[in-house]
>>> print(open('model31.csv').read())   # CSV, C-alpha atoms
chain,number,residue,atom,x,y,z
A,1,ARG,CA,91.9,87.4,90.8
A,2,SER,CA,91.9,91.1,91.8
A,3,VAL,CA,91.8,94.5,90.0
A,4,CYS,CA,92.3,98.1,91.3
A,5,CYS,CA,92.1,101.3,89.4
A,6,PHE,CA,94.5,104.1,90.3
A,7,VAL,CA,93.1,107.3,91.8
A,8,ASP,CA,94.7,109.5,89.1
A,9,GLN,CA,92.7,107.4,86.5
A,10,SER,CA,95.9,106.6,84.6
A,11,GLY,CA,95.5,102.8,84.7
A,12,TRP,CA,95.0,99.8,86.8
A,13,ALA,CA,96.8,96.9,88.5
A,14,ILE,CA,95.7,93.3,88.1
A,15,SER,CA,96.8,90.2,90.1
A,16,SER,CA,96.5,86.5,89.5
A,17,ILE,CA,96.2,83.3,91.5
A,18,ASP,CA,99.8,82.4,90.9
A,19,GLY,CA,101.0,85.6,92.7
A,20,ARG,CA,101.8,87.7,89.6
A,21,LEU,CA,101.0,91.3,89.3
A,22,ALA,CA,100.7,93.5,86.2
A,23,VAL,CA,100.4,97.3,85.9
A,24,GLN,CA,98.7,98.7,82.8
A,25,HIS,CA,97.7,102.1,81.6
A,26,PHE,CA,94.7,103.4,79.7
A,27,ASN,CA,97.0,105.5,77.5
A,28,PRO,CA,98.9,103.0,75.3
A,29,GLN,CA,101.8,105.5,74.9
A,30,MET,CA,102.7,105.4,78.6
A,31,THR,CA,105.7,103.1,79.0
A,32,SER,CA,105.7,102.5,82.7
A,33,LYS,CA,103.7,99.3,82.6
A,34,PHE,CA,105.3,96.3,84.3
A,35,ASN,CA,104.8,92.7,85.5
A,36,THR,CA,106.3,91.1,88.6
A,37,ARG,CA,106.1,87.9,90.7
A,38,CYS,CA,105.1,89.4,94.0
A,39,HIS,CA,103.9,86.6,96.2
A,40,LYS,CA,106.7,84.0,96.5
A,41,GLY,CA,106.5,83.5,100.3
A,42,VAL,CA,108.6,84.7,103.2
A,43,ASP,CA,111.3,82.2,102.1
A,44,ASN,CA,111.3,83.5,98.5
A,45,LYS,CA,110.6,80.0,97.2
A,46,LEU,CA,109.1,79.8,93.7
A,47,ALA,CA,105.9,78.2,95.0
A,48,ALA,CA,102.9,80.1,93.7
A,49,HIS,CA,100.8,82.0,96.3
A,50,PRO,CA,97.7,83.7,95.2
A,51,SER,CA,97.4,87.5,95.3
A,52,HIS,CA,94.1,87.9,97.2
A,53,CYS,CA,93.6,91.7,96.9
A,54,LEU,CA,94.9,94.9,95.4
A,55,SER,CA,94.3,98.4,96.7
A,56,ALA,CA,95.3,101.8,95.3
A,57,PHE,CA,96.4,104.7,97.6
A,58,PRO,CA,93.4,107.0,97.9
A,59,LEU,CA,95.1,110.4,97.6
A,60,SER,CA,96.1,111.9,94.3
A,61,GLN,CA,99.5,113.3,95.6
A,62,ARG,CA,100.6,109.6,96.1
A,63,ALA,CA,98.7,108.1,93.2
A,64,ASP,CA,101.7,105.9,92.3
A,65,ILE,CA,101.3,103.8,95.4
A,66,PHE,CA,99.3,100.6,95.6
A,67,ALA,CA,99.3,97.5,97.8
A,68,SER,CA,99.1,93.8,97.1
A,69,ALA,CA,98.2,91.2,99.8
A,70,GLY,CA,98.5,87.5,99.3
A,71,GLY,CA,98.4,83.9,100.4
A,72,ASP,CA,102.0,84.0,101.4
A,73,GLY,CA,101.1,86.3,104.3
A,74,ILE,CA,102.9,89.3,102.8
A,75,ILE,CA,101.5,92.7,102.1
A,76,SER,CA,103.7,94.7,99.6
A,77,PHE,CA,103.5,98.4,98.9
A,78,TYR,CA,104.6,99.3,95.4
A,79,ASP,CA,105.5,102.5,93.7
A,80,LYS,CA,104.3,102.1,90.1
A,81,ALA,CA,106.3,105.1,88.8
A,82,GLN,CA,109.5,103.8,90.2
A,83,ARG,CA,108.5,100.2,89.3
A,84,GLN,CA,109.6,98.9,92.7
A,85,LYS,CA,108.4,97.5,95.9
A,86,VAL,CA,108.9,100.1,98.7
A,87,HIS,CA,107.8,98.3,101.8
A,88,SER,CA,106.5,94.9,103.0
A,89,ILE,CA,104.5,93.7,106.0
A,90,VAL,CA,104.7,90.1,107.0
A,91,CYS,CA,101.7,88.3,108.6
A,92,ASP,CA,101.8,84.7,110.0
A,93,GLN,CA,98.7,83.7,107.9
A,94,PRO,CA,97.4,84.4,104.4
A,95,VAL,CA,96.1,88.0,104.0
A,96,VAL,CA,92.7,87.7,102.3
A,97,ALA,CA,91.6,91.3,102.2
A,98,GLY,CA,93.1,94.8,102.7
A,99,ASP,CA,92.6,98.4,101.8
A,100,PHE,CA,93.8,101.9,102.7
A,101,SER,CA,91.8,104.3,104.8
A,102,ALA,CA,90.3,107.3,103.0
A,103,ASP,CA,93.2,109.6,104.1
A,104,GLY,CA,95.9,106.9,103.4
A,105,THR,CA,97.2,106.8,107.0
A,106,ILE,CA,96.0,103.3,107.8
A,107,TYR,CA,96.2,100.0,105.9
A,108,GLY,CA,93.6,97.6,107.3
A,109,TYR,CA,93.8,93.9,106.5
A,110,ALA,CA,92.2,90.6,107.3
A,111,TYR,CA,94.0,87.3,107.7
A,112,CYS,CA,92.9,83.7,107.9
A,113,TYR,CA,93.4,80.3,106.4
A,114,ASP,CA,92.6,80.6,102.6
A,115,TYR,CA,92.1,76.8,101.9
A,116,MET,CA,94.9,76.7,99.3
A,117,GLN,CA,96.1,73.4,100.8
A,118,GLY,CA,92.6,72.1,101.3
A,119,PRO,CA,91.0,71.2,104.7
A,120,GLU,CA,93.9,69.1,105.7
A,121,GLY,CA,96.2,72.1,105.6
A,122,MET,CA,94.2,74.1,108.2
A,123,ASN,CA,95.8,74.7,111.6
A,124,ASN,CA,93.1,74.9,114.2
A,125,ASN,CA,95.4,76.9,116.5
A,126,SER,CA,95.6,79.8,114.0
A,127,LYS,CA,92.7,82.2,114.4
A,128,PRO,CA,91.4,84.7,111.9
A,129,GLY,CA,91.8,88.4,112.6
A,130,ILE,CA,91.8,92.0,111.5
A,131,ARG,CA,94.8,94.3,111.9
A,132,LEU,CA,95.4,98.0,111.3
A,133,HIS,CA,98.8,99.2,110.2
A,134,ARG,CA,99.8,102.9,110.4
A,135,VAL,CA,101.3,103.9,107.1
A,136,THR,CA,104.3,106.2,107.4
A,137,GLU,CA,105.9,108.4,104.8
A,138,GLN,CA,109.1,106.4,105.1
A,139,GLU,CA,107.3,103.2,104.0
A,140,LEU,CA,106.1,104.9,100.9
A,141,ALA,CA,109.4,106.6,99.9
A,142,PRO,CA,111.1,105.2,96.8
A,143,LYS,CA,114.2,103.2,97.5
A,144,PRO,CA,117.5,104.4,96.0
A,145,LYS,CA,118.3,102.7,92.7
A,146,SER,CA,121.0,100.1,92.9
A,147,LYS,CA,123.9,100.3,90.5
>>> encode(input="model31.csv", output="structure tokens")
Amino acid sequence: RSVCCFVDQSGWAISSIDGRLAVQHFNPQMTSKFNTRCHKGVDNKLAAHPSHCLSAFPLSQRADIFASAGGDGIISFYDKAQRQKVHSIVCDQPVVAGDFSADGTIYGYAYCYDYMQGPEGMNNNSKPGIRLHRVTEQELAPKPKSK
């Protein structure tokens, strides 16, 4: 569904229509590849929500950071080196596009109905829109490992 290459040129992330995400590396000897189910909805049900877009953090000093936005209305920031989600943003509609600004301080995203439930699932009261989110250093910091 979506692919993004990392700014350090070490590899890429790929997403699917069932909300799965995989991180791969160009060098097969690198062992930090992983797969995860990232778009399960705000209620964490197992219903599949598509991952509509992936975007890598644009600066080499934070090359391990990337974002996934999906049909469940959740934008998740991941640290690929730590293999963990570091922050989430919840939107009340599917997020269909998103990317970091050139300096990495803003994450812009678009939201609207994505027709996953067909025309009968559309809510005419929900309007499409674009939002800008200021990215903070705390949102990108790795979380402590649980024991």
>>> atom_distance(input="model31.csv", atom1="CA of Phe66 in chain A", atom2="CA of Ala13 in chain A")
8.4 Å
>>> atom_distance(input="model31.csv", atom1="CA of His25 in chain A", atom2="CA of Lys85 in chain A")
18.4 Å
>>> closest_residue(input="model31.csv", among="A:Pro119, A:Gly98, A:Pro58, A:Gly108", to="Leu132 in chain A", atoms="all atoms listed in the file")
A:Gly108
>>> residues_around(input="model31.csv", residues="Tyr111 in chain A", least_positions_apart="2", cutoff="8 Å", atoms="all atoms listed in the file", output="PyMOL selection string")
chain A and resi 73+91+93-97+109+113+128-130
>>> residues_around(input="model31.csv", residues="Ala56 in chain A", least_positions_apart="2", cutoff="12 Å", atoms="all atoms listed in the file", output="ChimeraX atom specification")
/A:2-14,23,53-54,58-60,62-69,76-80,98-104,107
>>> closest_residue(input="model31.csv", among="A:His52, A:Asn125, A:Gln84, A:Val135", to="Ala110 in chain A", atoms="all atoms listed in the file")
A:His52
>>> atom_distance(input="model31.csv", atom1="CA of Glu139 in chain A", atom2="CA of Ser55 in chain A")
15.7 Å
>>> closest_residue(input="model31.csv", among="A:Gly121, A:Gly19, A:Pro28, A:Pro144", to="Ile75 in chain A", atoms="all atoms listed in the file")
A:Gly19
>>> closest_residue(input="model31.csv", among="A:Leu21, A:Phe34, A:Arg1, A:Asn27", to="Arg83 in chain A", atoms="all atoms listed in the file")
A:Phe34
>>> closest_residue(input="model31.csv", among="A:Thr136, A:Ala141, A:Ile17, A:Ala22", to="Asp114 in chain A", atoms="all atoms listed in the file")
A:Ile17
>>> build_atoms(input="model31.csv", residues="range 77-88 of chain A", atoms="all heavy atoms", output="mmCIF file, in the frame of the given file")
data_model
loop_
_atom_site.group_PDB
_atom_site.id
_atom_site.type_symbol
_atom_site.label_atom_id
_atom_site.label_comp_id
_atom_site.auth_asym_id
_atom_site.auth_seq_id
_atom_site.Cartn_x
_atom_site.Cartn_y
_atom_site.Cartn_z
ATOM 1 N N PHE A 77 103.831 97.092 99.457
ATOM 2 C CA PHE A 77 103.500 98.400 98.900
ATOM 3 C C PHE A 77 104.422 98.634 97.727
ATOM 4 O O PHE A 77 105.632 98.427 97.826
ATOM 5 C CB PHE A 77 103.700 99.508 99.938
ATOM 6 C CG PHE A 77 102.788 99.439 101.140
ATOM 7 C CD1 PHE A 77 103.063 100.195 102.255
ATOM 8 C CD2 PHE A 77 101.671 98.633 101.170
ATOM 9 C CE1 PHE A 77 102.241 100.152 103.373
ATOM 10 C CE2 PHE A 77 100.836 98.573 102.278
ATOM 11 C CZ PHE A 77 101.126 99.343 103.376
ATOM 12 N N TYR A 78 103.852 99.065 96.613
ATOM 13 C CA TYR A 78 104.600 99.300 95.400
ATOM 14 C C TYR A 78 104.489 100.758 94.957
ATOM 15 O O TYR A 78 103.464 101.393 95.179
ATOM 16 C CB TYR A 78 104.076 98.427 94.237
ATOM 17 C CG TYR A 78 104.397 96.980 94.398
ATOM 18 C CD1 TYR A 78 103.525 96.126 95.044
ATOM 19 C CD2 TYR A 78 105.573 96.448 93.890
ATOM 20 C CE1 TYR A 78 103.816 94.780 95.195
ATOM 21 C CE2 TYR A 78 105.873 95.101 94.036
ATOM 22 C CZ TYR A 78 104.987 94.284 94.684
ATOM 23 O OH TYR A 78 105.275 92.951 94.841
ATOM 24 N N ASP A 79 105.527 101.246 94.315
ATOM 25 C CA ASP A 79 105.500 102.500 93.700
ATOM 26 C C ASP A 79 105.540 102.245 92.159
ATOM 27 O O ASP A 79 106.558 101.789 91.640
ATOM 28 C CB ASP A 79 106.727 103.368 94.080
ATOM 29 C CG ASP A 79 106.735 104.759 93.485
ATOM 30 O OD1 ASP A 79 106.296 104.927 92.323
ATOM 31 O OD2 ASP A 79 107.196 105.688 94.169
ATOM 32 N N LYS A 80 104.423 102.478 91.483
ATOM 33 C CA LYS A 80 104.300 102.100 90.100
ATOM 34 C C LYS A 80 105.198 102.991 89.176
ATOM 35 O O LYS A 80 105.692 102.551 88.154
ATOM 36 C CB LYS A 80 102.904 102.042 89.578
ATOM 37 C CG LYS A 80 102.191 103.371 89.476
ATOM 38 C CD LYS A 80 100.774 103.169 88.955
ATOM 39 C CE LYS A 80 99.961 104.423 88.992
ATOM 40 N NZ LYS A 80 100.262 105.394 87.981
ATOM 41 N N ALA A 81 105.414 104.244 89.583
ATOM 42 C CA ALA A 81 106.300 105.100 88.800
ATOM 43 C C ALA A 81 107.719 104.687 88.829
ATOM 44 O O ALA A 81 108.415 104.729 87.822
ATOM 45 C CB ALA A 81 106.127 106.573 89.278
ATOM 46 N N GLN A 82 108.172 104.244 90.005
ATOM 47 C CA GLN A 82 109.500 103.800 90.200
ATOM 48 C C GLN A 82 109.695 102.297 89.802
ATOM 49 O O GLN A 82 110.815 101.789 89.768
ATOM 50 C CB GLN A 82 110.015 103.995 91.599
ATOM 51 C CG GLN A 82 110.021 105.443 92.027
ATOM 52 C CD GLN A 82 111.008 106.266 91.236
ATOM 53 O OE1 GLN A 82 112.122 105.840 90.976
ATOM 54 N NE2 GLN A 82 110.591 107.457 90.841
ATOM 55 N N ARG A 83 108.563 101.624 89.622
ATOM 56 C CA ARG A 83 108.500 100.200 89.300
ATOM 57 C C ARG A 83 109.280 99.363 90.334
ATOM 58 O O ARG A 83 110.096 98.507 90.012
ATOM 59 C CB ARG A 83 109.132 99.959 87.903
ATOM 60 C CG ARG A 83 108.382 100.671 86.827
ATOM 61 C CD ARG A 83 109.066 100.580 85.513
ATOM 62 N NE ARG A 83 109.219 99.187 85.124
ATOM 63 C CZ ARG A 83 109.180 98.743 83.906
ATOM 64 N NH1 ARG A 83 108.999 99.558 82.923
ATOM 65 N NH2 ARG A 83 109.333 97.465 83.653
ATOM 66 N N GLN A 84 108.952 99.625 91.623
ATOM 67 C CA GLN A 84 109.600 98.900 92.700
ATOM 68 C C GLN A 84 108.748 98.724 93.906
ATOM 69 O O GLN A 84 107.820 99.494 94.146
ATOM 70 C CB GLN A 84 110.927 99.619 93.091
ATOM 71 C CG GLN A 84 110.724 100.957 93.727
ATOM 72 C CD GLN A 84 112.029 101.627 94.134
ATOM 73 O OE1 GLN A 84 112.007 102.414 95.055
ATOM 74 N NE2 GLN A 84 113.128 101.362 93.481
ATOM 75 N N LYS A 85 109.079 97.674 94.655
ATOM 76 C CA LYS A 85 108.400 97.500 95.900
ATOM 77 C C LYS A 85 109.124 98.388 96.935
ATOM 78 O O LYS A 85 110.352 98.440 97.001
ATOM 79 C CB LYS A 85 108.619 96.006 96.382
ATOM 80 C CG LYS A 85 107.943 95.696 97.687
ATOM 81 C CD LYS A 85 108.075 94.287 98.212
ATOM 82 C CE LYS A 85 108.734 93.277 97.368
ATOM 83 N NZ LYS A 85 108.852 91.967 98.003
ATOM 84 N N VAL A 86 108.315 99.133 97.722
ATOM 85 C CA VAL A 86 108.900 100.100 98.700
ATOM 86 C C VAL A 86 108.792 99.639 100.109
ATOM 87 O O VAL A 86 109.537 100.129 100.962
ATOM 88 C CB VAL A 86 108.298 101.501 98.480
ATOM 89 C CG1 VAL A 86 108.693 102.084 97.139
ATOM 90 C CG2 VAL A 86 106.797 101.510 98.658
ATOM 91 N N HIS A 87 107.894 98.709 100.407
ATOM 92 C CA HIS A 87 107.800 98.300 101.800
ATOM 93 C C HIS A 87 106.969 96.937 101.815
ATOM 94 O O HIS A 87 106.129 96.692 100.959
ATOM 95 C CB HIS A 87 107.005 99.308 102.619
ATOM 96 C CG HIS A 87 106.922 98.979 104.071
ATOM 97 N ND1 HIS A 87 108.022 98.983 104.902
ATOM 98 C CD2 HIS A 87 105.871 98.615 104.847
ATOM 99 C CE1 HIS A 87 107.646 98.650 106.124
ATOM 100 N NE2 HIS A 87 106.354 98.412 106.112
ATOM 101 N N SER A 88 107.248 96.116 102.827
ATOM 102 C CA SER A 88 106.500 94.900 103.000
ATOM 103 C C SER A 88 106.114 94.711 104.485
ATOM 104 O O SER A 88 106.849 95.129 105.375
ATOM 105 C CB SER A 88 107.337 93.653 102.611
ATOM 106 O OG SER A 88 107.553 93.644 101.235
#
